[in-house]
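Trainee: Okay, here's the structure, questions in a sec.
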Amino acid sequence: MEGSPLAPDILFHLGPVPISRAVATTWVIMGLLAGLLYVAFGRPGAKQGALQAGLEIVVLTIADQLRQILGRDPWPYIPLLGSLFLFLCLANLAAVFPGATPPTGHIETPAALALIVFLSVHFYGVTRRGARRYLQHYLEPSPLLLPLNLLAEVTRTFSLMIRLFGNMMSHEFVIAIVVFLAGLLVPIPFLLLGILIGIIQAYIFTVLATVYIAAAVGAVEA
Amino acid sequence: MQIDWWTLALQTINFLIVIWLLTRFLYRPVRRIIEAREAADRKASDDAADKAEEAEKARQAYEEKRAALEEEARKTDAVFRGDIEAERVAILEEARKTAEEMLTKARDRIERDKDAALVALRGQIADLAASLARKALEDRPATSRDAIARAAAQIDELPETERADLLRDLDAENAALTVVTAVSLTDRVQGEWRKALSERFGGDIRTAFEVDPDILGGALLRYPHAVFDFSVAGRLDRAAEALEA
């Protein structure tokens with residue numbers, strides 16, 4: 001245990017680019033995801049199997065949830081928000097595999113996701129409402145609140161990042177400490193709790209991103 | 001707390017790749033499947049609606065056909081009834097004609113029979129009349145003298161009491177014995193009548209003479225209260241009475 005436990009865990013260098021454990025774990029997750037999707041949908045004309053039906057249910061459930069929050073057709077937002085939820089679930093659940101650490105336990109991954117959400121909110125807001133009307137909503141309900149509105153944009157993105165990072169990181173630390181103190185079997189309930197926390201954090205992150213986007217695209221369009 | 005900017009950049013790229021991966025290989029296929037399923041549902045629904053429409057059409061066609069059949073049956077029935085009625089009328093007409101013919105024939109036969117009977121009857125009547133006439137005329141008084149003789153004979157044959165009655169009647173005041181003949185008598189014949197009568201009833205009886213062509217022949221003696229008929233007409237009447245009796 002030398003250095004900060006929060007410091008990035010560099011595994012190797014690819015040329016000048018240092019590859020951290022989080023990036024490598026993400027690549028593994030992406031590989032697994034690609035394999036899963038290939039098995040489920042990769043062969044055109046294949047008969048619909050249980051895997052495909054399961055994934056279909058997952059996607060439809062996400063779409064249903066998003067429709068309830070957005071109050072409009074969720075399909076334009078599924079690529080970002082659905083991917084957020086699925087990726088966060090898989091990333092957070094990496095903790096249950098021995099030797100693997102969740103990429104979200106280091107600040108770079110939540111920061112990257114929060115950054116993408118931050119940019120997406122403005123992207124959706126401008127494309128759905130037009131730049132003028134979108135920017136006008138910073139002056140509401142009063143132009144005096146413009147500084148606060150701008151500050152809120154930054155802070156809520158920051159809190160989005162820190163919430164995920166803090167939860168996953170602390171969970172990782174708790175397990176490490178429990179393992180260090182109590183041995184093999186005691187951390188198992190904490191690992192189960194980790195699964196719950198991982199899914200809850202994925203859900204919270206996605207729902208908050210959805211709410212931000214919903215606020216940006218405005219009230220329900222006729 | 002330090003941030004590895006390389007890791008941040010790589011993770012951003014990684015997540016964008018994840019978005020592309022999931023969009024390309026998960027969301028689009030799922031959406032396609034859902035849309036295909038919805039289309040299939042819609043098609044099934046439309047098909048069902050079409051089927052229902054077809055069924056409705058078939059039902060309507062059936063109803064129309066049934067109505068047409070009913071109409072046809074009604075017409076056939078009407079025609080049938082008409083035929084029956086016409087046949088009934090024809091039969092009645094024929095029966096009437098036959099009856100009329102029979103009646104006419106019967107009438108003709110009756111007429112012929114009647115004619116024949118009349119002819120036969122006429123013959124009989126003629127025969128009868130002839131025999132009657134013969135009978136009436138066969139012993140008629142040929143002459144006035146015969147008539148006088150006949151009358152005298154009859155008076156002679158009368159019983160005494162009757163002759164006395166006749167006499168008494170003739171003795172009464174204004175009483176007369178009238179001799180009726182078909183033709184007027186000559187004075188000589190009248191004289192003979194008077195003579196013959198006087199011989200029987202005495203000379204003081206009054207005798208009158210009358211002419212009545214209706215008695216045809218012979219003579220008729222009319223007393224105040226009795227008539228002695230020797231006329232041809234009287235004989236004919238008696239013969240006819242005898243026939244009728």
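The way I read the labels, and the way they are meant: chains A, B, ... in the order of the structure tokens, residue 1 as the first residue of every chain, and ligand 1 as the first ligand shown, with later ones counted on from there.
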Taking only C-alpha atoms into account and nothing else, which residues of chain B lie no more than 8 Å away from chain A? Please answer as a list in words.
Mentor: Met1, Gln2, Ile3, Asp4, Trp5, Trp6, Thr7, Leu8, Ala9, Leu10, Gln11, Thr12, Asn14, Phe15, Val18, Ile19, Trp20, Leu21, Leu22, Thr23, Phe25, Leu26, Tyr27, Pro29 and Val30 of chain B
Trainee: Show which residues sit within 10 Å of segment 125-132 of chain A, as a compact mmCIF listing (two decimals) with N, CA and C atoms, in the first residue's frame. Count only C-alpha atoms, and ignore same-chain residues fewer than 2 positions away.
Mentor:
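Dumped to result.txt:
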# COMPACT_ATOMS: atom_id res chain seq x y z
N LEU A 119 -22.38 17.54 -21.56
CA LEU A 119 -22.43 18.00 -22.95
C LEU A 119 -23.75 17.59 -23.62
N SER A 120 -24.20 16.38 -23.29
CA SER A 120 -25.43 15.88 -23.92
C SER A 120 -26.64 16.73 -23.54
N VAL A 121 -26.69 17.16 -22.26
CA VAL A 121 -27.81 17.98 -21.82
C VAL A 121 -27.92 19.21 -22.72
N HIS A 122 -26.79 19.88 -22.94
CA HIS A 122 -26.84 21.08 -23.78
C HIS A 122 -27.15 20.72 -25.23
N PHE A 123 -26.59 19.58 -25.68
CA PHE A 123 -26.83 19.16 -27.05
C PHE A 123 -28.33 18.92 -27.29
N TYR A 134 -33.34 27.74 -25.67
CA TYR A 134 -32.65 26.95 -24.65
C TYR A 134 -31.88 27.84 -23.71
N LEU A 135 -31.18 28.81 -24.30
CA LEU A 135 -30.37 29.70 -23.45
C LEU A 135 -31.25 30.60 -22.61
N GLN A 136 -32.47 30.86 -23.13
CA GLN A 136 -33.38 31.73 -22.39
C GLN A 136 -33.76 31.10 -21.05
N HIS A 137 -33.74 29.78 -20.99
CA HIS A 137 -34.23 29.16 -19.75
C HIS A 137 -33.27 29.39 -18.58
N TYR A 212 -32.02 15.74 -15.94
CA TYR A 212 -31.35 16.93 -16.47
C TYR A 212 -31.73 17.13 -17.92
N ILE A 213 -31.72 16.02 -18.68
CA ILE A 213 -32.07 16.14 -20.10
C ILE A 213 -33.53 16.55 -20.27
N ALA A 214 -34.39 15.95 -19.41
CA ALA A 214 -35.81 16.30 -19.49
C ALA A 214 -36.00 17.79 -19.22
N ALA A 215 -35.27 18.31 -18.24
CA ALA A 215 -35.38 19.74 -17.94
C ALA A 215 -34.86 20.56 -19.11
N ALA A 216 -33.83 20.05 -19.77
CA ALA A 216 -33.24 20.81 -20.86
C ALA A 216 -34.15 20.83 -22.09
N VAL A 217 -34.79 19.71 -22.39
CA VAL A 217 -35.65 19.68 -23.59
C VAL A 217 -37.01 20.30 -23.31
N GLY A 218 -37.28 20.61 -22.05
CA GLY A 218 -38.48 21.37 -21.74
C GLY A 218 -39.68 20.49 -21.47
N GLU A 221 -43.79 18.17 -25.19
CA GLU A 221 -44.21 18.79 -26.46
C GLU A 221 -45.57 18.26 -26.87
Trainee: Mind listing the strand (DSSP E or B) residues of segment 10-202 of chain B, per DSSP on the backbone, as a ChimeraX atom specification?
Mentor: /B:177-181
Trainee: With only C-alpha atoms as the basis for distance, which of A:Cys89, A:Met169, A:Leu70, A:Val179 is at the shortest distance from Ala209 of chain A?
Mentor: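 Looking only at the distances to Ala209 of chain A, the closest residue turns out to be A:Leu70.
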Trainee: Please run DSSP on the backbone and report, as JSON, numbers by chain, all residues within segment 24-217 of chain A that come out as helix (DSSP H, G or I).
Mentor: {"A": [24, 25, 26, 27, 28, 29, 30, 31, 32, 33, 34, 35, 36, 37, 38, 39, 40, 41, 42, 50, 51, 52, 53, 54, 55, 56, 57, 58, 59, 60, 61, 62, 63, 64, 65, 66, 67, 68, 69, 70, 78, 79, 80, 81, 82, 83, 84, 85, 86, 87, 88, 89, 90, 91, 92, 93, 94, 95, 96, 103, 104, 105, 108, 109, 110, 111, 112, 113, 114, 115, 116, 117, 118, 119, 120, 121, 122, 123, 124, 125, 126, 127, 128, 129, 131, 132, 133, 134, 135, 136, 137, 138, 139, 143, 144, 145, 146, 147, 148, 149, 150, 151, 152, 153, 154, 155, 156, 157, 158, 159, 160, 161, 162, 163, 164, 165, 166, 167, 168, 169, 170, 171, 172, 173, 174, 175, 176, 177, 178, 179, 180, 181, 182, 187, 188, 189, 190, 191, 192, 193, 194, 195, 196, 197, 198, 199, 200, 201, 202, 203, 204, 205, 206, 207, 208, 209, 210, 211, 212, 213, 214, 215, 216, 217]}
Trainee: So that I can see what lies close to Arg235 of chain B, please list as number ranges by chain the residues with an atom at most 9 Å from it, counting only C-alpha atoms and leaving out residues fewer than 3 positions away in the same chain.
Mentor: B: 135-137, 140, 229-232, 238-240
Trainee: In Å, how far is it from atom CA of Arg168 of chain B to atom CA of Ile148 of chain B?
Mentor: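 Rounded to one decimal, the two atoms are 22.0 Å apart.
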Trainee: Just give me the gap between atom CA of Leu236 of chain B and atom CA of Gly123 of chain B in Å, one decimal is fine.
Mentor: 19.0 Å
Trainee: Find the spatial neighbours of Tyr138 of chain A, counting only C-alpha atoms, within a cut-off of 10 Å - ignore same-chain residues fewer than 3 positions away - and output them as a list in words.
Mentor: Arg133, Tyr134, Leu135, Pro141, Ser142, Pro143, Leu144, Leu145, Leu146, Pro147, Leu148, Asn149, Leu150 and Glu153 of chain A
Trainee: So that I have them on file, write out the residues from the current selection with all heavy atoms, as a compact mmCIF listing (two decimals), in the first residue's frame.
Mentor:
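Dumped to result-v1.txt:
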# COMPACT_ATOMS: atom_id res chain seq x y z
N ARG A 133 -34.09 29.71 -27.44
CA ARG A 133 -35.04 29.34 -26.39
C ARG A 133 -34.34 28.55 -25.29
O ARG A 133 -34.70 28.65 -24.11
CB ARG A 133 -36.19 28.49 -26.98
CG ARG A 133 -37.26 29.37 -27.60
CD ARG A 133 -38.43 28.52 -28.05
NE ARG A 133 -39.09 27.88 -26.91
CZ ARG A 133 -39.84 26.76 -27.02
NH1 ARG A 133 -39.97 26.18 -28.19
NH2 ARG A 133 -40.41 26.25 -25.96
N TYR A 134 -33.34 27.74 -25.67
CA TYR A 134 -32.65 26.95 -24.65
C TYR A 134 -31.88 27.84 -23.71
O TYR A 134 -31.96 27.70 -22.49
CB TYR A 134 -31.71 25.94 -25.34
CG TYR A 134 -30.89 25.18 -24.32
CD1 TYR A 134 -31.51 24.26 -23.46
CD2 TYR A 134 -29.54 25.39 -24.18
CE1 TYR A 134 -30.79 23.58 -22.51
CE2 TYR A 134 -28.80 24.71 -23.22
CZ TYR A 134 -29.43 23.80 -22.39
OH TYR A 134 -28.72 23.14 -21.45
N LEU A 135 -31.18 28.81 -24.30
CA LEU A 135 -30.37 29.70 -23.45
C LEU A 135 -31.25 30.60 -22.61
O LEU A 135 -30.88 31.01 -21.52
CB LEU A 135 -29.44 30.55 -24.33
CG LEU A 135 -28.33 29.72 -25.00
CD1 LEU A 135 -27.54 30.58 -25.96
CD2 LEU A 135 -27.42 29.09 -23.95
N PRO A 141 -36.55 31.64 -13.46
CA PRO A 141 -37.72 32.53 -13.51
C PRO A 141 -37.34 34.01 -13.51
O PRO A 141 -38.17 34.85 -13.79
CB PRO A 141 -38.49 32.17 -12.25
CG PRO A 141 -37.45 31.63 -11.33
CD PRO A 141 -36.41 30.98 -12.16
N SER A 142 -36.05 34.33 -13.16
CA SER A 142 -35.66 35.75 -13.13
C SER A 142 -34.23 35.87 -13.64
O SER A 142 -33.39 34.99 -13.36
CB SER A 142 -35.75 36.29 -11.70
OG SER A 142 -35.01 37.47 -11.59
N PRO A 143 -33.92 36.90 -14.39
CA PRO A 143 -32.53 37.08 -14.87
C PRO A 143 -31.53 37.17 -13.74
O PRO A 143 -30.35 36.88 -13.92
CB PRO A 143 -32.59 38.40 -15.63
CG PRO A 143 -34.02 38.55 -16.02
CD PRO A 143 -34.82 37.93 -14.92
N LEU A 144 -32.02 37.53 -12.57
CA LEU A 144 -31.11 37.64 -11.42
C LEU A 144 -30.52 36.29 -11.06
O LEU A 144 -29.47 36.21 -10.43
CB LEU A 144 -31.86 38.22 -10.21
CG LEU A 144 -32.26 39.68 -10.33
CD1 LEU A 144 -33.09 40.09 -9.13
CD2 LEU A 144 -31.01 40.55 -10.43
N LEU A 145 -31.24 35.25 -11.43
CA LEU A 145 -30.81 33.91 -11.05
C LEU A 145 -29.82 33.31 -12.05
O LEU A 145 -29.44 32.16 -11.92
CB LEU A 145 -32.03 32.99 -10.93
CG LEU A 145 -32.98 33.34 -9.78
CD1 LEU A 145 -34.22 32.47 -9.82
CD2 LEU A 145 -32.27 33.17 -8.44
N LEU A 146 -29.45 34.05 -13.06
CA LEU A 146 -28.52 33.53 -14.07
C LEU A 146 -27.23 32.97 -13.47
O LEU A 146 -26.84 31.84 -13.78
CB LEU A 146 -28.21 34.62 -15.09
CG LEU A 146 -27.19 34.26 -16.16
CD1 LEU A 146 -27.69 33.10 -17.02
CD2 LEU A 146 -26.85 35.45 -17.05
N PRO A 147 -26.60 33.68 -12.56
CA PRO A 147 -25.35 33.12 -11.98
C PRO A 147 -25.61 31.82 -11.25
O PRO A 147 -24.85 30.85 -11.40
CB PRO A 147 -24.89 34.19 -11.01
CG PRO A 147 -25.57 35.43 -11.43
CD PRO A 147 -26.85 35.03 -12.04
N LEU A 148 -26.73 31.79 -10.52
CA LEU A 148 -27.05 30.56 -9.78
C LEU A 148 -27.33 29.42 -10.74
O LEU A 148 -26.92 28.28 -10.53
CB LEU A 148 -28.26 30.80 -8.88
CG LEU A 148 -27.96 31.46 -7.55
CD1 LEU A 148 -29.25 31.67 -6.78
CD2 LEU A 148 -27.00 30.58 -6.73
N ASN A 149 -28.07 29.71 -11.81
CA ASN A 149 -28.37 28.68 -12.80
C ASN A 149 -27.09 28.12 -13.40
O ASN A 149 -26.95 26.91 -13.57
CB ASN A 149 -29.26 29.25 -13.90
CG ASN A 149 -30.72 29.36 -13.44
OD1 ASN A 149 -31.14 28.65 -12.52
ND2 ASN A 149 -31.46 30.25 -14.05
N LEU A 150 -26.18 29.01 -13.75
CA LEU A 150 -24.92 28.57 -14.36
C LEU A 150 -24.12 27.74 -13.37
O LEU A 150 -23.56 26.69 -13.71
CB LEU A 150 -24.09 29.78 -14.82
CG LEU A 150 -24.71 30.53 -16.01
CD1 LEU A 150 -23.89 31.78 -16.32
CD2 LEU A 150 -24.76 29.62 -17.23
N GLU A 153 -25.48 24.28 -13.06
CA GLU A 153 -25.07 23.41 -14.16
C GLU A 153 -23.77 22.69 -13.82
O GLU A 153 -23.63 21.48 -14.06
CB GLU A 153 -24.88 24.24 -15.44
CG GLU A 153 -26.16 24.68 -16.09
CD GLU A 153 -26.93 23.51 -16.66
OE1 GLU A 153 -26.30 22.55 -17.17
OE2 GLU A 153 -28.17 23.52 -16.56
